[in-house]
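S.K.: My structure is stored as entry29.pdb, with PDB, C-alpha atoms.
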```pdb
ATOM      1  CA  MET A 200     -21.931  25.484 -11.750
ATOM      2  CA  ASN A 201     -23.779  23.919  -8.819
ATOM      3  CA  ILE A 202     -21.151  22.846  -6.289
ATOM      4  CA  PHE A 203     -23.630  20.371  -4.812
ATOM      5  CA  ASN A 204     -23.940  18.532  -8.130
ATOM      6  CA  SER A 205     -22.867  14.878  -7.914
ATOM      7  CA  ASP A 206     -19.995  15.673 -10.302
ATOM      8  CA  GLY A 207     -19.013  18.885  -8.525
ATOM      9  CA  TRP A 208     -15.846  19.335  -6.497
ATOM     10  CA  PHE A 209     -17.822  19.603  -3.256
ATOM     11  CA  SER A 210     -19.459  16.202  -3.678
ATOM     12  CA  ARG A 211     -16.241  14.595  -4.894
ATOM     13  CA  PHE A 212     -14.269  16.011  -1.954
ATOM     14  CA  PHE A 213     -16.663  14.803   0.733
ATOM     15  CA  GLY A 214     -17.228  11.526  -1.093
ATOM     16  CA  THR A 215     -13.491  10.893  -1.060
ATOM     17  CA  LEU A 216     -13.224  12.003   2.569
ATOM     18  CA  GLY A 217     -16.013   9.613   3.500
ATOM     19  CA  ASP A 218     -14.228   6.765   1.724
ATOM     20  CA  ILE A 219     -10.993   7.565   3.574
ATOM     21  CA  ILE A 220     -12.764   7.576   6.945
ATOM     22  CA  ILE A 221     -14.521   4.259   6.257
ATOM     23  CA  VAL A 222     -11.311   2.609   5.032
ATOM     24  CA  ASN A 223      -9.435   3.988   8.047
ATOM     25  CA  ILE A 224     -11.953   2.527  10.506
ATOM     26  CA  LEU A 225     -11.948  -0.835   8.722
ATOM     27  CA  PHE A 226      -8.148  -0.858   8.776
ATOM     28  CA  ILE A 227      -8.050  -0.240  12.538
ATOM     29  CA  LEU A 228     -10.729  -2.840  13.331
ATOM     30  CA  CYS A 229      -9.126  -5.522  11.149
ATOM     31  CA  SER A 230      -5.674  -4.759  12.602
ATOM     32  CA  ILE A 231      -6.697  -5.320  16.236
ATOM     33  CA  PRO A 232      -5.359  -8.923  16.266
ATOM     34  CA  ILE A 233      -1.980  -7.397  15.199
ATOM     35  CA  VAL A 234      -1.163 -10.496  13.146
ATOM     36  CA  THR A 235      -3.711  -9.359  10.532
ATOM     37  CA  MET A 236      -2.275  -5.861  10.156
ATOM     38  CA  GLY A 237      -0.450  -6.794   6.943
ATOM     39  CA  ALA A 238      -3.663  -8.040   5.332
ATOM     40  CA  SER A 239      -5.460  -4.901   6.546
ATOM     41  CA  MET A 240      -2.804  -2.692   4.989
ATOM     42  CA  SER A 241      -3.006  -4.521   1.664
ATOM     43  CA  ALA A 242      -6.806  -4.269   1.744
ATOM     44  CA  MET A 243      -6.578  -0.533   2.440
ATOM     45  CA  TYR A 244      -4.258   0.017  -0.515
ATOM     46  CA  PHE A 245      -6.318  -2.313  -2.709
ATOM     47  CA  THR A 246      -9.345  -0.100  -2.065
ATOM     48  CA  LEU A 247      -7.607   3.268  -2.401
ATOM     49  CA  LEU A 248      -5.639   2.331  -5.519
ATOM     50  CA  LYS A 249      -8.906   1.231  -7.093
ATOM     51  CA  LYS A 250     -10.416   4.606  -6.230
ATOM     52  CA  GLN A 251      -7.445   6.354  -7.796
ATOM     53  CA  ARG A 252      -7.822   4.315 -10.980
ATOM     54  CA  THR A 253     -11.569   4.710 -11.485
ATOM     55  CA  GLY A 254     -12.445   7.957  -9.726
ATOM     56  CA  GLU A 255     -15.557   6.344  -8.258
ATOM     57  CA  ASN A 256     -16.887   6.920  -4.735
ATOM     58  CA  GLY A 257     -18.696   4.412  -2.562
ATOM     59  CA  GLY A 258     -18.570   0.639  -2.345
ATOM     60  CA  VAL A 259     -15.432   0.719  -0.196
ATOM     61  CA  VAL A 260     -16.597  -1.894   2.331
ATOM     62  CA  LYS A 261     -16.995  -4.620  -0.292
ATOM     63  CA  LEU A 262     -13.709  -3.687  -1.901
ATOM     64  CA  PHE A 263     -11.871  -3.634   1.413
ATOM     65  CA  PHE A 264     -12.984  -7.099   2.439
ATOM     66  CA  LYS A 265     -12.340  -8.479  -1.037
ATOM     67  CA  GLY A 266      -8.784  -7.140  -0.838
ATOM     68  CA  PHE A 267      -8.451  -8.476   2.698
ATOM     69  CA  LYS A 268      -9.528 -11.972   1.643
ATOM     70  CA  ASP A 269      -7.599 -12.176  -1.621
ATOM     71  CA  ASN A 270      -4.333 -10.858  -0.148
ATOM     72  CA  PHE A 271      -4.560 -12.422   3.304
ATOM     73  CA  LYS A 272      -2.019 -15.227   2.946
ATOM     74  CA  GLN A 273       0.793 -13.307   1.236
ATOM     75  CA  SER A 274       0.232 -10.183   3.328
ATOM     76  CA  THR A 275       0.194 -12.082   6.618
ATOM     77  CA  ILE A 276       3.385 -13.977   5.799
ATOM     78  CA  SER A 277       5.071 -10.717   4.774
ATOM     79  CA  TRP A 278       3.899  -8.953   7.930
ATOM     80  CA  LEU A 279       5.139 -11.711  10.227
ATOM     81  CA  LEU A 280       8.516 -11.707   8.471
ATOM     82  CA  PHE A 281       8.692  -7.940   8.865
ATOM     83  CA  LEU A 282       7.926  -8.227  12.592
ATOM     84  CA  LEU A 283      10.551 -10.939  13.010
ATOM     85  CA  ILE A 284      13.249  -8.956  11.210
ATOM     86  CA  SER A 285      12.338  -5.800  13.137
ATOM     87  CA  PHE A 286      12.513  -7.700  16.428
ATOM     88  CA  ILE A 287      15.971  -9.090  15.627
ATOM     89  CA  LEU A 288      17.290  -5.687  14.533
ATOM     90  CA  THR A 289      15.831  -4.074  17.661
ATOM     91  CA  LEU A 290      17.761  -6.572  19.782
ATOM     92  CA  ASP A 291      20.877  -5.575  17.864
ATOM     93  CA  PHE A 292      20.206  -1.901  18.626
ATOM     94  CA  ASN A 293      19.963  -2.592  22.329
ATOM     95  CA  LEU A 294      23.016  -4.821  22.267
ATOM     96  CA  PHE A 295      25.378  -2.576  20.320
ATOM     97  CA  CYS A 296      24.130   0.962  21.059
ATOM     98  CA  LYS A 297      26.048   1.269  24.334
ATOM     99  CA  GLY A 298      29.330   1.825  22.567
ATOM    100  CA  GLY A 299      32.421  -0.118  23.398
ATOM    101  CA  PRO A 300      34.695  -1.772  20.863
ATOM    102  CA  GLN A 301      34.799  -0.513  17.296
ATOM    103  CA  GLU A 302      33.100  -3.724  16.195
ATOM    104  CA  ASN A 303      30.051  -2.813  18.280
ATOM    105  CA  LYS A 304      29.705   0.539  16.552
ATOM    106  CA  LEU A 305      30.004  -1.129  13.167
ATOM    107  CA  MET A 306      27.279  -3.637  14.031
ATOM    108  CA  TYR A 307      25.067  -0.861  15.398
ATOM    109  CA  TYR A 308      25.239   1.228  12.213
ATOM    110  CA  THR A 309      24.809  -1.897  10.117
ATOM    111  CA  SER A 310      21.608  -2.674  12.031
ATOM    112  CA  VAL A 311      20.360   0.878  11.484
ATOM    113  CA  VAL A 312      20.957   0.639   7.739
ATOM    114  CA  LEU A 313      19.277  -2.765   7.557
ATOM    115  CA  MET A 314      16.248  -1.457   9.463
ATOM    116  CA  ILE A 315      15.897   1.494   7.091
ATOM    117  CA  LEU A 316      16.173  -0.789   4.059
ATOM    118  CA  THR A 317      13.614  -3.163   5.576
ATOM    119  CA  CYS A 318      11.181  -0.273   6.063
ATOM    120  CA  PHE A 319      11.756   0.913   2.480
ATOM    121  CA  ILE A 320      10.874  -2.536   1.160
ATOM    122  CA  ALA A 321       7.877  -2.932   3.494
ATOM    123  CA  ILE A 322       6.515   0.443   2.352
ATOM    124  CA  TYR A 323       6.172  -0.951  -1.180
ATOM    125  CA  LEU A 324       5.485  -4.610  -0.432
ATOM    126  CA  PHE A 325       1.887  -4.332   0.786
ATOM    127  CA  PRO A 326       0.735  -1.988  -2.014
ATOM    128  CA  VAL A 327       2.517  -4.261  -4.513
ATOM    129  CA  ILE A 328       0.729  -7.312  -3.080
ATOM    130  CA  SER A 329      -2.571  -5.445  -3.401
ATOM    131  CA  ALA A 330      -1.913  -4.469  -7.023
ATOM    132  CA  PHE A 331      -0.143  -7.448  -8.599
ATOM    133  CA  LYS A 332      -0.597 -11.195  -8.619
ATOM    134  CA  ASN A 333       2.584 -13.242  -8.481
ATOM    135  CA  THR A 334       4.603 -15.432  -6.146
ATOM    136  CA  LEU A 335       5.629 -13.808  -2.878
ATOM    137  CA  LYS A 336       9.283 -14.053  -3.916
ATOM    138  CA  ASN A 337       8.656 -12.121  -7.133
ATOM    139  CA  LEU A 338       6.484  -9.571  -5.331
ATOM    140  CA  LEU A 339       9.316  -9.014  -2.868
ATOM    141  CA  LEU A 340      11.809  -8.559  -5.712
ATOM    142  CA  GLN A 341       9.395  -6.205  -7.419
ATOM    143  CA  SER A 342       9.066  -4.152  -4.217
ATOM    144  CA  ILE A 343      12.861  -3.841  -3.954
ATOM    145  CA  TYR A 344      13.072  -2.816  -7.596
ATOM    146  CA  LEU A 345      10.310  -0.200  -7.305
ATOM    147  CA  ALA A 346      11.663   1.191  -4.029
ATOM    148  CA  ALA A 347      15.078   1.712  -5.638
ATOM    149  CA  LYS A 348      13.766   3.013  -8.958
ATOM    150  CA  ASN A 349      11.378   5.494  -7.321
ATOM    151  CA  PHE A 350      13.712   6.500  -4.516
ATOM    152  CA  ILE A 351      12.275  10.014  -4.143
ATOM    153  CA  PHE A 352       8.787   8.576  -3.707
ATOM    154  CA  THR A 353      10.215   6.106  -1.208
ATOM    155  CA  ILE A 354      11.706   8.897   0.909
ATOM    156  CA  VAL A 355       8.530  11.009   0.760
ATOM    157  CA  ILE A 356       6.311   8.085   1.768
ATOM    158  CA  MET A 357       8.727   7.174   4.563
ATOM    159  CA  VAL A 358       8.422  10.740   5.868
ATOM    160  CA  LEU A 359       4.618  10.552   5.629
ATOM    161  CA  TYR A 360       4.646   7.518   7.912
ATOM    162  CA  THR A 361       7.335   8.617  10.384
ATOM    163  CA  LEU A 362       6.764  12.375  10.754
ATOM    164  CA  PRO A 363       3.317  12.029  12.411
ATOM    165  CA  ALA A 364       4.835   9.725  15.040
ATOM    166  CA  TYR A 365       7.490  12.348  15.823
ATOM    167  CA  VAL A 366       4.837  15.088  16.061
ATOM    168  CA  LEU A 367       2.601  12.958  18.305
ATOM    169  CA  LEU A 368       5.411  12.582  20.837
ATOM    170  CA  SER A 369       6.129  16.305  20.985
ATOM    171  CA  SER A 370       3.584  16.966  23.774
ATOM    172  CA  THR A 371       0.699  15.370  25.652
ATOM    173  CA  GLN A 372      -1.885  17.721  24.108
ATOM    174  CA  VAL A 373      -0.681  17.018  20.573
ATOM    175  CA  PHE A 374      -0.635  13.300  21.334
ATOM    176  CA  MET A 375      -4.297  13.274  22.407
ATOM    177  CA  VAL A 376      -5.430  15.269  19.381
ATOM    178  CA  GLY A 377      -3.279  13.165  17.081
ATOM    179  CA  ILE A 378      -4.700   9.900  18.407
ATOM    180  CA  PHE A 379      -8.211  11.187  17.701
ATOM    181  CA  VAL A 380      -7.234  12.188  14.151
ATOM    182  CA  PHE A 381      -5.649   8.794  13.486
ATOM    183  CA  ILE A 382      -8.708   6.956  14.792
ATOM    184  CA  VAL A 383     -10.948   8.983  12.478
ATOM    185  CA  CYS A 384      -8.894   9.211   9.290
ATOM    186  CA  GLY A 385      -5.137   9.343   9.916
ATOM    187  CA  PHE A 386      -4.016   5.974   8.527
ATOM    188  CA  GLY A 387      -6.382   6.203   5.580
ATOM    189  CA  LEU A 388      -5.269   9.738   4.759
ATOM    190  CA  ILE A 389      -1.581   8.777   4.713
ATOM    191  CA  ALA A 390      -2.385   5.767   2.521
ATOM    192  CA  TYR A 391      -4.520   7.938   0.227
ATOM    193  CA  VAL A 392      -1.735  10.458  -0.327
ATOM    194  CA  SER A 393       0.784   7.647  -0.766
ATOM    195  CA  SER A 394      -1.491   5.995  -3.333
ATOM    196  CA  PHE A 395      -0.864   8.835  -5.792
ATOM    197  CA  MET A 396       2.848   8.031  -5.750
ATOM    198  CA  PHE A 397       2.347   4.275  -5.767
ATOM    199  CA  LEU A 398       0.008   4.484  -8.737
ATOM    200  CA  LYS A 399       2.508   6.604 -10.656
ATOM    201  CA  ALA A 400       5.223   4.051  -9.864
ATOM    202  CA  PHE A 401       2.983   1.114 -10.830
ATOM    203  CA  THR A 402       1.507   2.603 -14.008
ATOM    204  CA  PRO A 403       4.312   1.491 -16.388
ATOM    205  CA  TYR A 404       3.544  -2.104 -15.397
ATOM    206  CA  LEU A 405      -0.240  -1.869 -15.567
ATOM    207  CA  ASP A 406      -2.424  -2.040 -18.628
ATOM    208  CA  GLU A 407      -5.540   0.077 -19.065
ATOM    209  CA  VAL A 408      -8.504  -0.912 -16.891
ATOM    210  CA  THR A 409     -12.147  -0.166 -17.429
ATOM    211  CA  LYS A 410     -13.806   2.727 -15.656
ATOM    212  CA  LYS A 411     -16.946   0.642 -15.194
ATOM    213  CA  TYR A 412     -17.777  -0.110 -11.586
ATOM    214  CA  THR A 413     -20.917  -1.207  -9.770
ATOM    215  CA  ASP A 414     -21.649  -2.023  -6.152
ATOM    216  CA  ASP A 415     -23.059  -5.380  -7.297
ATOM    217  CA  ASP A 416     -19.714  -6.341  -8.824
ATOM    218  CA  PRO A 417     -16.859  -4.726  -6.888
ATOM    219  CA  ALA A 418     -14.367  -6.531  -9.128
ATOM    220  CA  SER A 419     -15.815  -5.087 -12.351
ATOM    221  CA  TRP A 420     -13.115  -2.402 -12.483
ATOM    222  CA  MET A 421     -10.488  -5.115 -12.966
ATOM    223  CA  HIS A 422     -11.916  -6.620 -16.129
ATOM    224  CA  SER A 423     -11.802  -5.517 -19.736
ATOM    225  CA  ASP A 424     -15.028  -4.244 -21.250
ATOM    226  CA  ASP A 425     -14.843  -6.946 -23.902
ATOM    227  CA  GLN A 426     -13.438 -10.426 -23.864
ATOM    228  CA  THR A 427      -9.947 -10.911 -25.209
ATOM    229  CA  SER A 428      -9.971 -10.753 -28.980
ATOM    230  CA  GLU A 429      -8.625 -13.556 -31.144
ATOM    231  CA  SER A 430      -5.713 -11.363 -32.169
ATOM    232  CA  ASP A 431      -4.787 -10.877 -28.522
ATOM    233  CA  GLU A 432      -4.981 -14.604 -27.899
ATOM    234  CA  ASP A 433      -2.596 -15.219 -30.787
ATOM    235  CA  ASN A 434      -0.189 -12.591 -29.503
ATOM    236  CA  PRO A 435       2.105 -14.033 -26.815
ATOM    237  CA  GLU A 436       3.118 -10.505 -25.817
ATOM    238  CA  SER A 437      -0.427  -9.523 -24.799
ATOM    239  CA  THR A 438      -1.148  -8.863 -21.144
ATOM    240  CA  LYS A 439      -3.456 -10.964 -19.003
ATOM    241  CA  VAL A 440      -6.069  -9.882 -16.499
ATOM    242  CA  THR A 441      -5.413 -11.110 -12.971
ATOM    243  CA  LYS A 442      -7.637 -11.105  -9.899
ATOM    244  CA  LYS A 443      -6.174  -7.739  -8.906
ATOM    245  CA  LEU A 444      -4.857  -5.418 -11.573
ATOM    246  CA  ILE A 445      -3.765  -6.027 -15.126
ATOM    247  CA  VAL A 446      -0.092  -6.932 -15.043
ATOM    248  CA  ASP A 447       2.517  -6.379 -17.708
ATOM    249  CA  ASN A 448       4.006  -9.886 -17.927
ATOM    250  CA  SER A 449       7.161  -8.586 -19.589
ATOM    251  CA  TYR A 450       8.070  -6.967 -16.295
ATOM    252  CA  HIS A 451       7.881 -10.209 -14.349
ATOM    253  CA  GLY A 452       9.886 -11.905 -17.065
ATOM    254  CA  ARG A 453      12.804  -9.713 -16.139
ATOM    255  CA  GLN A 454      12.821 -10.842 -12.547
TER     256      GLN A 454
END
```
If you took the structure in this file and wrote it as structure tokens, what would it be?
M.R.:
Amino acid sequence: MNIFNSDGWFSRFFGTLGDIIIVNILFILCSIPIVTMGASMSAMYFTLLKKQRTGENGGVVKLFFKGFKDNFKQSTISWLLFLLISFILTLDFNLFCKGGPQENKLMYYTSVVLMILTCFIAIYLFPVISAFKNTLKNLLLQSIYLAAKNFIFTIVIMVLYTLPAYVLLSSTQVFMVGIFVFIVCGFGLIAYVSSFMFLKAFTPYLDEVTKKYTDDDPASWMHSDDQTSESDEDNPESTKVTKKLIVDNSYHGRQ
């Protein structure tokens, strides 16, 4: 077997690595205003989850900006709410961490628990926004449900996001090297690894999607190969194609 063949592991590996680097750079550039970081994160997951589903390389720029545009409103609102909640809880940390009455300790530990729960939900919220189309309220409920149901994945992904920060602060030399790695591919690599777990968690609520994909139509992977048959139209239980992924409506009916 020729390892340099377009279907060989060598080409697939470096094709995937190239996609991760491009997505990482786009994520950093689009996150510079800070307020757009939520939309950038959703766009990053939109692109990487698509790659996981289809196995295709290339075309990441068009996909990224499509995900950024389509998810901008919900992602930005979610991000601003996350920043607000984090700011309030941080004030609580500073207010109650100095000890004192028993009530202060109780409030401090309550704030810690709330911050952890907020991070658990935020970990799922932006990938969920990138994968499903629904109201923000239902997407939030879905994120809570998935975070609780896939608790092991939630812990692993939390570690993936927090451990690098701990390592970066271990020494000045490590910090400088780590910053370089994150600028090149760090955020994209963490999101890529996380996407395997997210896709496994999302799969029960997603219908089959086509493997077809072209650079001329970045959204082609979201549509069925054929139009909905008459039998499907007559079946109220059939799933519908959204602008993102195919969603199992029975799941949202349980919300």
S.K.: For the PyMOL selection byres ((chain A and resi 353) around 10), applied here, can you spell out every residue it catches as a PyMOL selection string?
M.R.: chain A and resi 318-320+322-323+345-352+354-359+393+396-397
S.K.: List, as a short mmCIF file (atom, residue, chain, number, x, y, z; two decimals) with C-alpha atoms, in the frame of the given file, every residue that the PyMOL selection byres ((chain A and resi 290-292) around 9) selects in the file provided.
M.R.:
```cif
data_model
loop_
_atom_site.label_atom_id
_atom_site.label_comp_id
_atom_site.auth_asym_id
_atom_site.auth_seq_id
_atom_site.Cartn_x
_atom_site.Cartn_y
_atom_site.Cartn_z
CA SER A 285 12.34 -5.80 13.14
CA PHE A 286 12.51 -7.70 16.43
CA ILE A 287 15.97 -9.09 15.63
CA LEU A 288 17.29 -5.69 14.53
CA THR A 289 15.83 -4.07 17.66
CA ASN A 293 19.96 -2.59 22.33
CA LEU A 294 23.02 -4.82 22.27
CA PHE A 295 25.38 -2.58 20.32
CA CYS A 296 24.13 0.96 21.06
CA LYS A 297 26.05 1.27 24.33
CA MET A 306 27.28 -3.64 14.03
CA TYR A 307 25.07 -0.86 15.40
CA TYR A 308 25.24 1.23 12.21
CA SER A 310 21.61 -2.67 12.03
CA VAL A 311 20.36 0.88 11.48
#
```
S.K.: Between A:Ile284, A:Met314, A:Leu340, A:Ile227, which residue has the minimum interatomic distance to Met240 of chain A, considering all atoms listed in the file?
M.R.: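 Counting all atoms listed in the file, the residue closest to Met240 of chain A is A:Ile227.
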S.K.: Padding of 6 Å on every side, edges along x, y and z, all listed atoms of segment 264-274 of chain A included: what centre and edge lengths in Å, to one decimal, does that box have, as lines of an AutoDock Vina configuration file?
M.R.:
```
center_x = -6.1
center_y = -11.2
center_z = 0.9
size_x = 25.8
size_y = 20.1
size_z = 16.9
```
S.K.: Run the PyMOL selection byres ((chain A and resi 369-382) around 12) mentally over the shown coordinates, then write out the matched residues as a PyMOL selection string, using the chain letters and numbers from the document.
M.R.: chain A and resi 219-228+360+362-368+383-390
S.K.: In Å, with one decimal, what is the gap from atom CA of Phe395 of chain A to atom CA of Lys261 of chain A?
M.R.: 21.7 Å
S.K.: Pick the closest to Thr275 of chain A from A:Thr215, A:Ser210, A:Ser241, A:Ser342: which is it, counting all atoms listed in the file?
M.R.: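 Selected residue with least distance to Thr275 of chain A: A:Ser241.
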S.K.: Could you give me, as an mmCIF file with C-alpha atoms, keeping the file's coordinate frame, the residues within 10 Å of Leu335 of chain A, counting all atoms listed in the file and dropping anything in the same chain fewer than 6 positions from it?
M.R.:
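Full text of part.cif as output:
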```
data_model
loop_
_atom_site.group_PDB
_atom_site.id
_atom_site.type_symbol
_atom_site.label_atom_id
_atom_site.label_comp_id
_atom_site.auth_asym_id
_atom_site.auth_seq_id
_atom_site.Cartn_x
_atom_site.Cartn_y
_atom_site.Cartn_z
ATOM 1 C CA LYS A 272 -2.019 -15.227 2.946
ATOM 2 C CA GLN A 273 0.793 -13.307 1.236
ATOM 3 C CA SER A 274 0.232 -10.183 3.328
ATOM 4 C CA ILE A 276 3.385 -13.977 5.799
ATOM 5 C CA SER A 277 5.071 -10.717 4.774
ATOM 6 C CA LEU A 324 5.485 -4.610 -0.432
ATOM 7 C CA ILE A 328 0.729 -7.312 -3.080
ATOM 8 C CA GLN A 341 9.395 -6.205 -7.419
#
```
S.K.: Using all atoms listed in the file, which residues sit within 8 Å of segment 245-249 of chain A once same-chain residues fewer than 4 positions away are excluded, as JSON, numbers by chain?
M.R.: {"A": [222, 241, 253, 259, 262, 263, 266, 326, 329, 330, 390, 391, 394, 398, 420]}
S.K.: Go ahead and save the residues from that selection, with C-alpha atoms, as a short mmCIF file (atom, residue, chain, number, x, y, z; two decimals), keeping the file's coordinate frame.
M.R.:
```
data_model
loop_
_atom_site.label_atom_id
_atom_site.label_comp_id
_atom_site.auth_asym_id
_atom_site.auth_seq_id
_atom_site.Cartn_x
_atom_site.Cartn_y
_atom_site.Cartn_z
CA VAL A 222 -11.31 2.61 5.03
CA SER A 241 -3.01 -4.52 1.66
CA THR A 253 -11.57 4.71 -11.48
CA VAL A 259 -15.43 0.72 -0.20
CA LEU A 262 -13.71 -3.69 -1.90
CA PHE A 263 -11.87 -3.63 1.41
CA GLY A 266 -8.78 -7.14 -0.84
CA PRO A 326 0.74 -1.99 -2.01
CA SER A 329 -2.57 -5.44 -3.40
CA ALA A 330 -1.91 -4.47 -7.02
CA ALA A 390 -2.38 5.77 2.52
CA TYR A 391 -4.52 7.94 0.23
CA SER A 394 -1.49 6.00 -3.33
CA LEU A 398 0.01 4.48 -8.74
CA TRP A 420 -13.12 -2.40 -12.48
#
```
S.K.: At what distance in Å, to one decimal, does atom CA of Ile343 of chain A lie from atom CA of Ile315 of chain A?
M.R.: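 Taking atom CA of Ile315 of chain A as the start and atom CA of Ile343 of chain A as the end point, the length is 12.6 Å.
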S.K.: Could you check how far atom CA of Leu313 of chain A sits from atom CA of Leu282 of chain A, in Å to one decimal?
M.R.: 13.6 Å
